[in-house]
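Input: a single structure, listed below in structure tokens.
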Amino acid sequence: MENAAKALSIAGGILIAVMLAVLVYYVFTHWGESQRIKQEDVEVQKVEDFNKSYLSYEKVLYGSELLGLVNKMSDYNISDDVKYSGYSKMNLSMKITDKTTGNLFSNGTYSLSSISNAINTVMNKTVNSSKYKGQISDSQWEYLAKSSTSTKFDDLCTELKIPSSINRDQLKADAAEYYKYVQFKRKKFKHIGTDFSNDGRVSKMSFEETN
């Protein structure tokens with residue numbers, strides 16, 4: 001009788017141990033699955049938030065707005081997300097259909113880097129140039145640009161109190177380049193497509209000049 005009681009006690013202990021092991025396994029498995037689902041939800045939300053900030057550009061944009069998108073994508077391409085998290089760089093396609101000569105961009109299709117380089121070239125010749133820095137304000141560049149083809153350009157320089165030390169011929173040529181930038185900002189572009197990477201993020205957006 002005593003042996004039977006011991007055997008029953010041992011069997012009960014084993015059963016309890018097994019039940020505890022099953023319970024522990026269930027809890028940890030369930031917890032791990034719960035954490036995995038939660039992490040997936042976080043990643044999905046990140047993608048949705050990321051895309052939302054770009055999909056708002058899926059409309060007709062002025063050139064100035066398009067340049068804002070170019071700057072946004074360019075900044076992202078040098079961000080920590082791309083450097084350290086393995087996310088793909090973004091790109092943008094811009095199709096110009098105006099065959100008029102003398103524009104900032106001639107007839108053709110341009111990528112994100114080519115657009116950015118063209119704008120930087122104009123800015124480095126004008127607003128960001130060390131020879132003009134501190135002597136000509138951003139608003140003055142607008143006036144100079146609009147008058148770059150006028151015979152009264154020198155009179156405007158005097159009116160704007162542009163220092164006489166600045167070469168007028170060079171300033172006029174640079175202002176003419178800036179005017180191309182001003183004209184570009186006023187053009188309209190329609191959205192024609194958006195591409196996504198394998199992780200669901202927006203990877204490229206395409207636009208075409210429109211009336």
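The chains in the structure tokens are called A, B, ... from first to last as shown; in each chain the residues are counted from 1, and the ligands are counted from 1 in the order shown.
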Review point. Counting only C-alpha atoms, what is within 9 Å of Tyr54 in chain A, bar same-chain residues fewer than 2 positions away, as a VMD selection string?
Key: chain A and resid 50 to 52 56 to 58 69 202 205
Include N, CA, C and O atoms and write out the residues we just selected as a short mmCIF file (atom, residue, chain, number, x, y, z; two decimals), in the first residue's frame.
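Contents of the output file out-v2.cif:
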```
data_model
loop_
_atom_site.label_atom_id
_atom_site.label_comp_id
_atom_site.auth_asym_id
_atom_site.auth_seq_id
_atom_site.Cartn_x
_atom_site.Cartn_y
_atom_site.Cartn_z
N PHE A 50 5.98 56.26 -44.11
CA PHE A 50 7.00 56.66 -45.09
C PHE A 50 6.34 56.98 -46.43
O PHE A 50 6.58 58.03 -47.03
N ASN A 51 5.48 56.07 -46.89
CA ASN A 51 4.83 56.26 -48.19
C ASN A 51 3.89 57.46 -48.20
O ASN A 51 3.79 58.16 -49.21
N LYS A 52 3.22 57.68 -47.07
CA LYS A 52 2.26 58.78 -47.01
C LYS A 52 2.92 60.11 -47.30
O LYS A 52 2.33 60.98 -47.96
N SER A 56 1.61 61.95 -51.26
CA SER A 56 0.90 63.23 -51.32
C SER A 56 1.34 64.06 -52.52
O SER A 56 0.68 65.04 -52.88
N TYR A 57 2.43 63.64 -53.16
CA TYR A 57 2.92 64.34 -54.36
C TYR A 57 2.32 63.77 -55.65
O TYR A 57 2.67 64.21 -56.74
N GLU A 58 1.43 62.80 -55.52
CA GLU A 58 0.81 62.20 -56.71
C GLU A 58 -0.29 63.12 -57.24
O GLU A 58 -1.49 62.82 -57.12
N LEU A 69 10.37 68.04 -53.58
CA LEU A 69 10.41 66.57 -53.57
C LEU A 69 11.82 66.08 -53.91
O LEU A 69 12.30 65.12 -53.30
N VAL A 202 7.99 53.39 -51.28
CA VAL A 202 8.10 54.13 -52.53
C VAL A 202 9.58 54.21 -52.91
O VAL A 202 10.43 54.58 -52.08
N MET A 205 9.41 58.00 -58.31
CA MET A 205 8.23 58.70 -58.76
C MET A 205 8.54 59.39 -60.09
O MET A 205 9.65 59.89 -60.28
#
```
Exercise for review: Extract, using only C-alpha atoms, all DNA, RNA and protein residues at most 12 Å from Lys72 in chain A, discarding same-chain residues fewer than 6 positions from it, and format them as a PyMOL selection string.
Suggested key: chain A and resi 50+53-54+57+65-66+78-79+89-92+112+116
**Study point:** All helix (DSSP H, G or I) positions in range 16-170 of chain A, as a PyMOL selection string
**Key:** chain A and resi 16-55+63-77+80-83+112-125+138-146+153-159+168-170
**Study point:** Which residue of A:Ser137, A:Ser206, A:Asn103, A:Ser111 approaches Ala176 in chain A most closely, using only C-alpha atoms
**Key:** A:Asn103
Exercise for review: Please provide as number ranges by chain all residues within 10 Å of range 190-192 of chain A, with the sequence filter that same-chain residues fewer than 4 positions apart are discarded (counting only C-alpha atoms).
Suggested key: A: 57-62, 66, 93-95, 205-211
Counting only C-alpha atoms, which residues in range 55-110 of chain A sit no more than 10 Å from range 117-130 of chain A? For each one, give the nearest pair of atoms and the distance in Å, sorted by chain then residue number, as JSON lines.
```
{"residue": "A:Leu67", "atom": "CA", "partner": "A:Ile119", "partner_atom": "CA", "distance": 8.8}
{"residue": "A:Leu104", "atom": "CA", "partner": "A:Ala118", "partner_atom": "CA", "distance": 7.8}
{"residue": "A:Phe105", "atom": "CA", "partner": "A:Ala118", "partner_atom": "CA", "distance": 8.2}
```
